[in-house]
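Structure file target-v3.pdb (PDB, C-alpha atoms) is printed below.
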```pdb
ATOM      1  CA  MET A   1       9.179  33.691  -2.847
ATOM      2  CA  LEU A   2       7.815  33.792  -6.428
ATOM      3  CA  TYR A   3      11.185  34.508  -8.016
ATOM      4  CA  GLN A   4      12.913  31.952  -5.801
ATOM      5  CA  SER A   5      10.340  29.365  -6.880
ATOM      6  CA  ILE A   6      10.713  30.263 -10.558
ATOM      7  CA  ASP A   7      14.489  29.953 -10.421
ATOM      8  CA  ASP A   8      14.166  26.632  -8.637
ATOM      9  CA  MET A   9      11.641  25.344 -11.184
ATOM     10  CA  LYS A  10      13.938  26.232 -14.079
ATOM     11  CA  GLU A  11      16.794  24.403 -12.415
ATOM     12  CA  LEU A  12      14.592  21.402 -11.559
ATOM     13  CA  VAL A  13      13.383  20.717 -15.112
ATOM     14  CA  SER A  14      16.902  21.001 -16.508
ATOM     15  CA  GLN A  15      18.253  18.143 -14.417
ATOM     16  CA  ALA A  16      17.763  14.431 -13.979
ATOM     17  CA  ILE A  17      17.838  12.803 -10.571
ATOM     18  CA  PRO A  18      20.600  10.167 -10.534
ATOM     19  CA  ARG A  19      19.638   6.587  -9.765
ATOM     20  CA  THR A  20      21.405   3.719  -8.042
ATOM     21  CA  SER A  21      20.882  -0.030  -8.078
ATOM     22  CA  ASP A  22      18.864   0.260  -4.846
ATOM     23  CA  LEU A  23      15.271   1.191  -5.747
ATOM     24  CA  VAL A  24      14.179   1.609  -2.120
ATOM     25  CA  TYR A  25      16.972   4.115  -1.551
ATOM     26  CA  ASP A  26      16.120   5.932  -4.793
ATOM     27  CA  ILE A  27      12.453   6.289  -3.848
ATOM     28  CA  ARG A  28      13.397   7.707  -0.453
ATOM     29  CA  ARG A  29      15.603  10.257  -2.163
ATOM     30  CA  LEU A  30      12.784  11.152  -4.576
ATOM     31  CA  GLN A  31      10.492  11.623  -1.582
ATOM     32  CA  THR A  32      13.007  14.042  -0.053
ATOM     33  CA  VAL A  33      13.120  16.042  -3.279
ATOM     34  CA  LEU A  34       9.324  16.122  -3.438
ATOM     35  CA  GLU A  35       8.976  17.339   0.145
ATOM     36  CA  SER A  36      11.429  20.178  -0.460
ATOM     37  CA  LYS A  37       9.503  21.303  -3.586
ATOM     38  CA  MET A  38       6.180  21.082  -1.763
ATOM     39  CA  ALA A  39       7.543  23.381   0.932
ATOM     40  CA  LEU A  40       8.842  25.868  -1.662
ATOM     41  CA  TYR A  41       6.036  25.862  -4.268
ATOM     42  CA  GLY A  42       3.069  25.420  -1.955
ATOM     43  CA  ASP A  43      -0.212  24.987  -3.878
ATOM     44  CA  ASN A  44       0.943  26.899  -6.936
ATOM     45  CA  LEU A  45       1.378  23.849  -9.152
ATOM     46  CA  VAL A  46      -2.031  22.333  -8.465
ATOM     47  CA  GLN A  47      -3.634  25.812  -8.695
ATOM     48  CA  ASN A  48      -1.596  26.883 -11.722
ATOM     49  CA  GLY A  49      -0.110  29.873  -9.926
ATOM     50  CA  LEU A  50      -3.442  31.248  -8.721
ATOM     51  CA  ALA A  51      -2.001  32.629  -5.469
ATOM     52  CA  TRP A  52       0.656  34.537  -7.406
ATOM     53  CA  LYS A  53      -1.913  35.831  -9.884
ATOM     54  CA  THR A  54      -4.153  37.193  -7.131
ATOM     55  CA  MET A  55      -1.178  39.184  -5.850
ATOM     56  CA  GLY A  56      -0.671  40.680  -9.294
ATOM     57  CA  LEU A  57       2.586  38.839  -9.875
ATOM     58  CA  PRO A  58       3.613  37.582 -13.331
ATOM     59  CA  VAL A  59       3.130  33.844 -13.790
ATOM     60  CA  ASP A  60       4.952  31.723 -16.336
ATOM     61  CA  GLU A  61       2.209  29.209 -17.091
ATOM     62  CA  GLN A  62       4.388  27.333 -19.562
ATOM     63  CA  LEU A  63       7.032  26.809 -16.885
ATOM     64  CA  ILE A  64       4.400  25.531 -14.447
ATOM     65  CA  ALA A  65       3.137  23.092 -17.092
ATOM     66  CA  THR A  66       6.719  21.956 -17.744
ATOM     67  CA  VAL A  67       7.311  21.300 -14.040
ATOM     68  CA  LYS A  68       4.093  19.301 -13.844
ATOM     69  CA  GLY A  69       5.217  17.264 -16.827
ATOM     70  CA  TRP A  70       8.605  16.695 -15.202
ATOM     71  CA  PHE A  71       6.994  15.259 -12.064
ATOM     72  CA  TYR A  72       4.512  13.224 -14.117
ATOM     73  CA  ASN A  73       7.285  11.666 -16.202
ATOM     74  CA  LEU A  74       9.123  10.874 -12.976
ATOM     75  CA  CYS A  75       6.108   8.839 -11.837
ATOM     76  CA  ILE A  76       5.740   7.094 -15.186
ATOM     77  CA  GLY A  77       9.401   6.130 -15.029
ATOM     78  CA  LEU A  78       8.996   4.821 -11.488
ATOM     79  CA  ILE A  79       6.018   2.676 -12.488
ATOM     80  CA  GLY A  80       8.197   1.184 -15.199
ATOM     81  CA  GLU A  81      11.032   0.494 -12.757
ATOM     82  CA  LEU A  82       8.699  -1.196 -10.292
ATOM     83  CA  ASP A  83       7.194  -3.298 -13.064
ATOM     84  CA  THR A  84      10.693  -4.322 -14.155
ATOM     85  CA  GLU A  85      11.614  -5.347 -10.614
ATOM     86  CA  CYS A  86       8.415  -7.383 -10.324
ATOM     87  CA  SER A  87       9.179  -9.104 -13.619
ATOM     88  CA  LYS A  88      12.711  -9.941 -12.503
ATOM     89  CA  LEU A  89      11.532 -11.675  -9.351
ATOM     90  CA  ARG A  90       8.621 -13.309 -11.158
ATOM     91  CA  SER A  91      11.129 -15.041 -13.412
ATOM     92  CA  LEU A  92      12.894 -16.485 -10.357
ATOM     93  CA  VAL A  93       9.872 -17.956  -8.572
ATOM     94  CA  THR A  94       6.942 -20.127  -9.567
ATOM     95  CA  ASP A  95       4.265 -18.512  -7.381
ATOM     96  CA  MET A  96       3.641 -15.903  -4.685
ATOM     97  CA  ARG A  97       4.291 -18.407  -1.875
ATOM     98  CA  GLU A  98       7.806 -18.902  -3.197
ATOM     99  CA  LEU A  99       8.269 -15.123  -3.317
ATOM    100  CA  VAL A 100       7.388 -14.948   0.382
ATOM    101  CA  HIS A 101      10.514 -16.964   1.105
ATOM    102  CA  HIS A 102      12.733 -15.244  -1.457
ATOM    103  CA  PRO A 103      15.373 -12.931   0.111
ATOM    104  CA  GLU A 104      14.433 -10.098  -2.276
ATOM    105  CA  GLY A 105      10.678 -10.398  -1.678
ATOM    106  CA  ASP A 106      10.482  -8.080   1.334
ATOM    107  CA  LYS A 107      12.611  -5.453  -0.388
ATOM    108  CA  LEU A 108      10.411  -5.495  -3.495
ATOM    109  CA  MET A 109       7.291  -5.004  -1.393
ATOM    110  CA  GLU A 110       8.913  -2.110   0.452
ATOM    111  CA  SER A 111       9.648  -0.571  -2.946
ATOM    112  CA  ILE A 112       6.022  -1.010  -4.012
ATOM    113  CA  GLN A 113       4.658   0.497  -0.790
ATOM    114  CA  SER A 114       7.017   3.489  -0.922
ATOM    115  CA  GLY A 115       6.594   3.893  -4.680
ATOM    116  CA  VAL A 116       2.790   3.982  -4.666
ATOM    117  CA  GLU A 117       2.881   6.448  -1.764
ATOM    118  CA  PHE A 118       5.326   8.684  -3.647
ATOM    119  CA  ILE A 119       3.266   8.616  -6.855
ATOM    120  CA  ALA A 120       0.083   9.496  -4.973
ATOM    121  CA  SER A 121       1.839  12.408  -3.249
ATOM    122  CA  VAL A 122       3.183  13.712  -6.554
ATOM    123  CA  ILE A 123      -0.156  13.577  -8.366
ATOM    124  CA  SER A 124      -1.867  15.268  -5.432
ATOM    125  CA  PHE A 125       0.858  17.948  -5.473
ATOM    126  CA  ILE A 126       0.643  18.729  -9.196
ATOM    127  CA  GLY A 127      -3.083  18.063  -9.659
ATOM    128  CA  LEU A 128      -2.567  16.123 -12.879
ATOM    129  CA  PRO A 129      -4.836  13.042 -12.986
ATOM    130  CA  SER A 130      -3.552  10.017 -14.848
ATOM    131  CA  ARG A 131      -5.420   6.851 -15.740
ATOM    132  CA  LYS A 132      -2.129   5.208 -16.623
ATOM    133  CA  LEU A 133      -0.756   5.763 -13.120
ATOM    134  CA  VAL A 134      -3.985   4.682 -11.437
ATOM    135  CA  TYR A 135      -4.005   1.507 -13.505
ATOM    136  CA  GLY A 136      -0.346   0.770 -12.774
ATOM    137  CA  CYS A 137      -0.721   1.394  -9.055
ATOM    138  CA  ARG A 138      -3.781  -0.858  -8.868
ATOM    139  CA  ILE A 139      -1.695  -3.678 -10.302
ATOM    140  CA  LEU A 140       1.076  -2.966  -7.786
ATOM    141  CA  ALA A 141      -1.483  -2.869  -4.957
ATOM    142  CA  SER A 142      -2.769  -6.283  -6.058
ATOM    143  CA  ILE A 143       0.756  -7.701  -6.034
ATOM    144  CA  TYR A 144       1.394  -6.270  -2.576
ATOM    145  CA  GLY A 145      -1.932  -7.636  -1.348
ATOM    146  CA  GLN A 146      -1.217 -11.120  -2.698
ATOM    147  CA  TRP A 147       2.157 -11.091  -0.969
ATOM    148  CA  ALA A 148       0.594 -10.005   2.338
ATOM    149  CA  SER A 149      -2.080 -12.672   1.953
ATOM    150  CA  GLU A 150       0.513 -15.408   1.421
ATOM    151  CA  ASN A 151       2.460 -14.162   4.450
ATOM    152  CA  LEU A 152      -0.694 -14.432   6.555
ATOM    153  CA  GLU A 153      -1.347 -17.945   5.317
ATOM    154  CA  PHE A 154       2.238 -18.962   6.043
ATOM    155  CA  LEU A 155       1.905 -17.476   9.525
ATOM    156  CA  ARG A 156      -1.289 -19.452  10.149
ATOM    157  CA  GLU A 157       0.207 -22.698   8.894
ATOM    158  CA  THR A 158       3.384 -22.277  10.924
ATOM    159  CA  HIS A 159       1.506 -21.306  14.058
ATOM    160  CA  THR A 160      -0.850 -24.250  13.610
ATOM    161  CA  LYS A 161       2.109 -26.623  13.491
ATOM    162  CA  GLY A 162       3.532 -24.931  16.559
ATOM    163  CA  SER A 163       6.967 -24.646  14.971
ATOM    164  CA  THR A 164       8.313 -21.285  16.051
ATOM    165  CA  LYS A 165      11.793 -22.118  14.780
ATOM    166  CA  SER A 166      10.786 -22.140  11.115
ATOM    167  CA  MET A 167       8.725 -19.030  11.697
ATOM    168  CA  ASP A 168      11.754 -17.285  13.181
ATOM    169  CA  VAL A 169      13.882 -18.089  10.118
ATOM    170  CA  LYS A 170      11.343 -16.568   7.730
ATOM    171  CA  MET A 171      10.394 -13.521   9.773
ATOM    172  CA  THR A 172      13.468 -12.342  11.603
ATOM    173  CA  ASN A 173      14.453  -9.994   8.768
ATOM    174  CA  ALA A 174      11.009  -8.461   8.340
ATOM    175  CA  ALA A 175       9.013  -6.589  10.984
ATOM    176  CA  THR A 176      10.596  -5.148  14.111
ATOM    177  CA  THR A 177       9.460  -3.820  17.430
ATOM    178  CA  SER A 178       9.542  -0.129  18.313
ATOM    179  CA  SER A 179      13.009  -0.669  19.777
ATOM    180  CA  GLY A 180      14.261  -1.888  16.389
ATOM    181  CA  ARG A 181      14.631  -5.530  17.457
ATOM    182  CA  PRO A 182      13.060  -8.298  15.319
ATOM    183  CA  THR A 183       9.796  -9.708  16.646
ATOM    184  CA  THR A 184       8.151 -13.090  16.154
ATOM    185  CA  ARG A 185       4.940 -12.209  18.023
ATOM    186  CA  VAL A 186       2.016 -13.293  15.897
ATOM    187  CA  ASP A 187      -0.257 -10.353  16.763
ATOM    188  CA  ILE A 188       2.434  -7.803  15.890
ATOM    189  CA  ARG A 189       3.206  -9.549  12.595
ATOM    190  CA  LEU A 190      -0.477  -9.604  11.714
ATOM    191  CA  MET A 191      -1.037  -5.922  12.425
ATOM    192  CA  GLN A 192       2.140  -4.873  10.585
ATOM    193  CA  TRP A 193       1.091  -6.683   7.420
ATOM    194  CA  MET A 194      -2.444  -5.312   7.667
ATOM    195  CA  ASP A 195      -1.037  -1.832   8.251
ATOM    196  CA  GLY A 196       1.084  -2.167   5.108
ATOM    197  CA  VAL A 197      -1.981  -3.114   3.068
ATOM    198  CA  VAL A 198      -3.951  -0.164   4.468
ATOM    199  CA  GLN A 199      -1.117   2.240   3.645
ATOM    200  CA  VAL A 200      -0.992   1.053   0.029
ATOM    201  CA  LEU A 201      -4.783   1.336  -0.272
ATOM    202  CA  THR A 202      -4.743   4.825   1.259
ATOM    203  CA  SER A 203      -2.190   5.962  -1.332
ATOM    204  CA  LEU A 204      -4.253   4.375  -4.100
ATOM    205  CA  GLN A 205      -7.369   6.167  -2.862
ATOM    206  CA  THR A 206      -5.527   9.510  -2.883
ATOM    207  CA  LEU A 207      -4.411   8.865  -6.455
ATOM    208  CA  GLN A 208      -7.942   7.972  -7.548
ATOM    209  CA  GLU A 209      -9.468  10.994  -5.830
ATOM    210  CA  VAL A 210      -7.274  13.340  -7.865
ATOM    211  CA  GLY A 211      -8.496  11.605 -11.004
ATOM    212  CA  GLY A 212     -12.105  11.781  -9.822
ATOM    213  CA  ALA A 213     -11.946  15.504  -9.112
ATOM    214  CA  THR A 214     -11.292  16.332 -12.785
ATOM    215  CA  ALA A 215     -12.775  14.893 -15.951
ATOM    216  CA  ALA A 216      -9.587  15.597 -17.904
ATOM    217  CA  SER A 217      -6.636  13.253 -17.846
ATOM    218  CA  VAL A 218      -3.085  13.659 -19.050
ATOM    219  CA  GLU A 219      -3.635  10.761 -21.478
ATOM    220  CA  ASP A 220      -5.527  11.679 -24.640
ATOM    221  CA  ASP A 221      -7.056   8.255 -25.203
ATOM    222  CA  GLN A 222      -9.301   7.524 -22.221
ATOM    223  CA  ARG A 223     -10.083   4.051 -23.583
ATOM    224  CA  THR A 224      -6.460   2.886 -23.425
ATOM    225  CA  PHE A 225      -6.835   1.131 -20.071
ATOM    226  CA  ASP A 226     -10.617   0.692 -19.824
ATOM    227  CA  SER A 227     -10.614  -2.822 -21.269
ATOM    228  CA  ASP A 228      -8.349  -4.191 -18.535
ATOM    229  CA  SER A 229      -9.371  -1.938 -15.637
ATOM    230  CA  LEU A 230     -12.344  -4.041 -14.564
ATOM    231  CA  GLY A 231     -10.250  -7.195 -14.386
ATOM    232  CA  VAL A 232      -7.581  -5.450 -12.314
ATOM    233  CA  LEU A 233     -10.195  -4.094  -9.874
ATOM    234  CA  GLU A 234     -11.832  -7.511  -9.568
ATOM    235  CA  ASN A 235      -8.472  -9.092  -8.808
ATOM    236  CA  LEU A 236      -7.657  -6.449  -6.204
ATOM    237  CA  ALA A 237     -11.043  -6.788  -4.491
ATOM    238  CA  SER A 238     -10.769 -10.588  -4.436
ATOM    239  CA  THR A 239      -7.280 -10.337  -2.939
ATOM    240  CA  LEU A 240      -8.485  -7.988  -0.188
ATOM    241  CA  VAL A 241     -11.320 -10.323   0.759
ATOM    242  CA  GLU A 242      -8.835 -13.203   0.924
ATOM    243  CA  ILE A 243      -6.617 -11.096   3.201
ATOM    244  CA  THR A 244      -9.606 -10.589   5.506
ATOM    245  CA  VAL A 245     -10.311 -14.328   5.684
ATOM    246  CA  ARG A 246      -6.680 -15.278   6.246
ATOM    247  CA  ALA A 247      -6.121 -12.592   8.879
ATOM    248  CA  LEU A 248      -9.100 -13.918  10.816
ATOM    249  CA  SER A 249      -7.725 -17.446  10.470
ATOM    250  CA  VAL A 250      -4.452 -16.296  12.027
ATOM    251  CA  ILE A 251      -6.324 -14.758  14.954
ATOM    252  CA  GLU A 252      -8.436 -17.872  15.452
ATOM    253  CA  THR A 253      -5.326 -20.061  15.397
ATOM    254  CA  THR A 254      -3.755 -17.804  18.024
ATOM    255  CA  ARG A 255      -6.849 -18.130  20.220
ATOM    256  CA  ARG A 256      -6.830 -21.913  19.968
ATOM    257  CA  ASN A 257      -3.142 -22.212  20.738
ATOM    258  CA  LYS A 258      -3.438 -19.701  23.572
ATOM    259  CA  HIS A 259      -0.071 -18.199  22.734
ATOM    260  CA  THR A 260      -1.132 -14.605  23.359
ATOM    261  CA  LYS A 261       0.494 -13.070  26.444
ATOM    262  CA  GLN A 262      -1.255 -10.947  29.015
ATOM    263  CA  GLY A 263      -1.136  -7.238  28.308
ATOM    264  CA  ASN A 264      -0.894  -7.382  24.509
ATOM    265  CA  ILE A 265      -3.786  -4.953  24.071
ATOM    266  CA  MET A 266      -5.963  -5.385  27.134
ATOM    267  CA  MET A 267      -5.742  -7.321  30.365
ATOM    268  CA  ASN A 268      -7.767 -10.170  28.869
ATOM    269  CA  PRO A 269      -5.974 -11.571  25.808
ATOM    270  CA  GLU A 270      -9.158 -13.252  24.570
ATOM    271  CA  THR A 271     -10.895  -9.873  24.535
ATOM    272  CA  ALA A 272      -7.955  -8.360  22.674
ATOM    273  CA  LEU A 273      -8.228 -10.976  19.944
ATOM    274  CA  ILE A 274     -11.965 -10.431  19.614
ATOM    275  CA  TYR A 275     -11.375  -6.717  19.057
ATOM    276  CA  MET A 276      -8.759  -7.569  16.440
ATOM    277  CA  GLU A 277     -11.299  -9.787  14.681
ATOM    278  CA  ARG A 278     -13.867  -6.997  14.746
ATOM    279  CA  SER A 279     -11.382  -4.618  13.161
ATOM    280  CA  VAL A 280     -10.418  -7.060  10.410
ATOM    281  CA  LEU A 281     -14.055  -7.863   9.651
ATOM    282  CA  SER A 282     -14.886  -4.153   9.394
ATOM    283  CA  PHE A 283     -12.133  -3.938   6.810
ATOM    284  CA  GLY A 284     -13.656  -6.861   4.910
ATOM    285  CA  ASP A 285     -17.151  -5.353   5.065
ATOM    286  CA  ARG A 286     -15.858  -2.143   3.527
ATOM    287  CA  VAL A 287     -14.024  -3.988   0.748
ATOM    288  CA  VAL A 288     -17.143  -5.949  -0.202
ATOM    289  CA  GLU A 289     -19.307  -2.816  -0.084
ATOM    290  CA  VAL A 290     -17.013  -0.636  -2.180
ATOM    291  CA  SER A 291     -16.266  -3.349  -4.740
ATOM    292  CA  GLY A 292     -19.908  -4.324  -5.159
ATOM    293  CA  ARG A 293     -19.091  -7.985  -4.510
ATOM    294  CA  GLU A 294     -21.935  -8.632  -2.060
ATOM    295  CA  GLY A 295     -23.243 -11.455  -4.231
ATOM    296  CA  ILE A 296     -19.817 -13.077  -4.548
ATOM    297  CA  ASP A 297     -18.202 -12.627  -1.149
ATOM    298  CA  GLY A 298     -21.136 -11.494   1.000
ATOM    299  CA  PRO A 299     -22.132 -14.985   2.261
ATOM    300  CA  ARG A 300     -18.511 -15.770   3.130
ATOM    301  CA  ILE A 301     -18.152 -12.572   5.169
ATOM    302  CA  GLN A 302     -21.504 -13.157   6.879
ATOM    303  CA  ARG A 303     -20.378 -16.611   8.031
ATOM    304  CA  LEU A 304     -17.335 -14.972   9.595
ATOM    305  CA  HIS A 305     -19.603 -12.470  11.352
ATOM    306  CA  ALA A 306     -21.702 -15.317  12.735
ATOM    307  CA  HIS A 307     -18.564 -17.050  14.004
ATOM    308  CA  LEU A 308     -17.385 -13.848  15.666
ATOM    309  CA  GLU A 309     -20.762 -13.330  17.332
ATOM    310  CA  GLN A 310     -20.578 -16.849  18.755
ATOM    311  CA  ASN A 311     -17.120 -16.130  20.146
ATOM    312  CA  GLU A 312     -18.379 -12.935  21.747
ATOM    313  CA  GLN A 313     -21.261 -14.809  23.351
ATOM    314  CA  ASP A 314     -18.889 -17.422  24.696
ATOM    315  CA  LEU A 315     -16.807 -14.666  26.302
ATOM    316  CA  GLN A 316     -19.961 -12.750  27.374
ATOM    317  CA  LEU A 317     -18.881  -9.564  25.580
TER     318      LEU A 317
END
```
Show me this structure written as structure tokens.
Amino acid sequence: MLYQSIDDMKELVSQAIPRTSDLVYDIRRLQTVLESKMALYGDNLVQNGLAWKTMGLPVDEQLIATVKGWFYNLCIGLIGELDTECSKLRSLVTDMRELVHHPEGDKLMESIQSGVEFIASVISFIGLPSRKLVYGCRILASIYGQWASENLEFLRETHTKGSTKSMDVKMTNAATTSSGRPTTRVDIRLMQWMDGVVQVLTSLQTLQEVGGATAASVEDDQRTFDSDSLGVLENLASTLVEITVRALSVIETTRRNKHTKQGNIMMNPETALIYMERSVLSFGDRVVEVSGREGIDGPRIQRLHAHLEQNEQDLQL
């Protein structure tokens, strides 16, 4: 296995993975490559060949370092590609609401979600923390969060007006049911957008944990991104709180319109919506706690808790 891995590593660093004009497709192909290398190399990159050393086998530490650098540069390049794609669309729209309706908006967000997940997997695999990648992925997470937030607001506005036709036009190409058919059900749309946000945040957390486990970083100048990091984190936290508020607004609008069908989650649709509100509020509580924004967003979240408690009393839950 050692010699097979060494031969494969030598071949890997001598080649470049070809790219197409479809970034989503390219990221999926990169993910396939990564998974095959993870299966072959095991933990030997993150542990610098420790398992081989304990067996008394010769280890080419320079080759291992070169492979790590190859994967790292792959991630840096991907961050640049995602930033370029964001800039392209930004030049075509005036704000995030316009991007929600742009035909390339959904594809860009799929690229961001898949890209951040890939980068987190790579850094976890090679054990090479990077402030540059953490910073870049935080910006991408903020963009994804703002897009999800605007989608939730559009969903609330459309549902409030009761115009399912315009909602169908916007959403038909986005989320689907388990059978692969498009869905316009409000509760499914809500949970799919929230799930996307959680997936991006989970990848970001993985990336940050690798950086937190080691004081050293691949960048020599640790101050390079410190000046802007606080602003990026503040923006991300504010976006996540706004997502919480807007998701709850969607649920409340659904309750008022009584459009939820029996059997969505439980026999009583009102109870199902209450449980959805509890889940979303728990998400908001965690965001406020982790970000240290109790003084800024705490009162807003507490008012939502009070509203939820009143709803629970009305339903005798």
A:Val288, A:Val93, A:Ser121, A:Arg138 ranked by distance to Val232 (chain A), top pick (using only C-alpha atoms): A:Arg138
Residue nearest Leu201 (chain A) - candidates A:Leu152, A:Leu248, A:Val287, A:Ile188, atoms counted: all atoms listed in the file: A:Val287
Selection dump of the PyMOL selection byres ((chain A and resi 37) around 12), as a list in words: Gln4, Ser5, Ile6, Asp8, Met9, Glu11, Leu12, Leu30, Gln31, Thr32, Val33, Leu34, Glu35, Ser36, Met38, Ala39, Leu40, Tyr41, Gly42, Asp43, Asn44, Leu45, Val67, Lys68, Phe71, Ser121, Val122, Phe125 and Ile126 of chain A
Within 12 Å of Leu74 (chain A), counting all atoms listed in the file, which residues show up once you throw out same-chain ones fewer than 4 positions away? Write them as a short mmCIF file (atom, residue, chain, number, x, y, z; two decimals) with C-alpha atoms, in the coordinates of the input, please.
```cif
data_model
loop_
_atom_site.label_atom_id
_atom_site.label_comp_id
_atom_site.auth_asym_id
_atom_site.auth_seq_id
_atom_site.Cartn_x
_atom_site.Cartn_y
_atom_site.Cartn_z
CA LEU A 12 14.59 21.40 -11.56
CA VAL A 13 13.38 20.72 -15.11
CA GLN A 15 18.25 18.14 -14.42
CA ALA A 16 17.76 14.43 -13.98
CA ILE A 17 17.84 12.80 -10.57
CA PRO A 18 20.60 10.17 -10.53
CA ARG A 19 19.64 6.59 -9.76
CA ASP A 26 16.12 5.93 -4.79
CA ILE A 27 12.45 6.29 -3.85
CA LEU A 30 12.78 11.15 -4.58
CA GLN A 31 10.49 11.62 -1.58
CA VAL A 33 13.12 16.04 -3.28
CA LEU A 34 9.32 16.12 -3.44
CA VAL A 67 7.31 21.30 -14.04
CA LYS A 68 4.09 19.30 -13.84
CA GLY A 69 5.22 17.26 -16.83
CA TRP A 70 8.60 16.70 -15.20
CA LEU A 78 9.00 4.82 -11.49
CA ILE A 79 6.02 2.68 -12.49
CA GLY A 80 8.20 1.18 -15.20
CA GLU A 81 11.03 0.49 -12.76
CA GLY A 115 6.59 3.89 -4.68
CA PHE A 118 5.33 8.68 -3.65
CA ILE A 119 3.27 8.62 -6.86
CA VAL A 122 3.18 13.71 -6.55
CA ILE A 123 -0.16 13.58 -8.37
CA LEU A 133 -0.76 5.76 -13.12
#
```
Hits from the PyMOL selection byres ((chain A and resi 187) around 9), listed as a list in words: Thr184, Arg185, Val186, Ile188, Arg189, Leu190, Met191, Gln192, Val250, Ile251, Thr254, Thr260, Asn264, Leu273 and Met276 of chain A
Given the selection you just returned, output its residues as a file containing C-alpha atoms, formatted as an mmCIF file, in the frame of the given file.
```cif
data_model
loop_
_atom_site.group_PDB
_atom_site.id
_atom_site.type_symbol
_atom_site.label_atom_id
_atom_site.label_comp_id
_atom_site.auth_asym_id
_atom_site.auth_seq_id
_atom_site.Cartn_x
_atom_site.Cartn_y
_atom_site.Cartn_z
ATOM 1 C CA THR A 184 8.151 -13.090 16.154
ATOM 2 C CA ARG A 185 4.940 -12.209 18.023
ATOM 3 C CA VAL A 186 2.016 -13.293 15.897
ATOM 4 C CA ILE A 188 2.434 -7.803 15.890
ATOM 5 C CA ARG A 189 3.206 -9.549 12.595
ATOM 6 C CA LEU A 190 -0.477 -9.604 11.714
ATOM 7 C CA MET A 191 -1.037 -5.922 12.425
ATOM 8 C CA GLN A 192 2.140 -4.873 10.585
ATOM 9 C CA VAL A 250 -4.452 -16.296 12.027
ATOM 10 C CA ILE A 251 -6.324 -14.758 14.954
ATOM 11 C CA THR A 254 -3.755 -17.804 18.024
ATOM 12 C CA THR A 260 -1.132 -14.605 23.359
ATOM 13 C CA ASN A 264 -0.894 -7.382 24.509
ATOM 14 C CA LEU A 273 -8.228 -10.976 19.944
ATOM 15 C CA MET A 276 -8.759 -7.569 16.440
#
```
Proximity to Leu236 (chain A) - best of A:Arg293, A:Ser91, A:Asp106, A:Val59, all atoms listed in the file: A:Arg293
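Residue nearest His102 (chain A) within the list A:Arg156, A:Gly136, A:Asn151, A:Trp52: A:Asn151 [criterion: smallest interatomic distance, all atoms listed in the file].
With distances restricted to all atoms listed in the file, A:Ile143 is the closest residue to Leu89 (chain A) from A:Ile143, A:Cys137, A:Leu233, A:Leu204.
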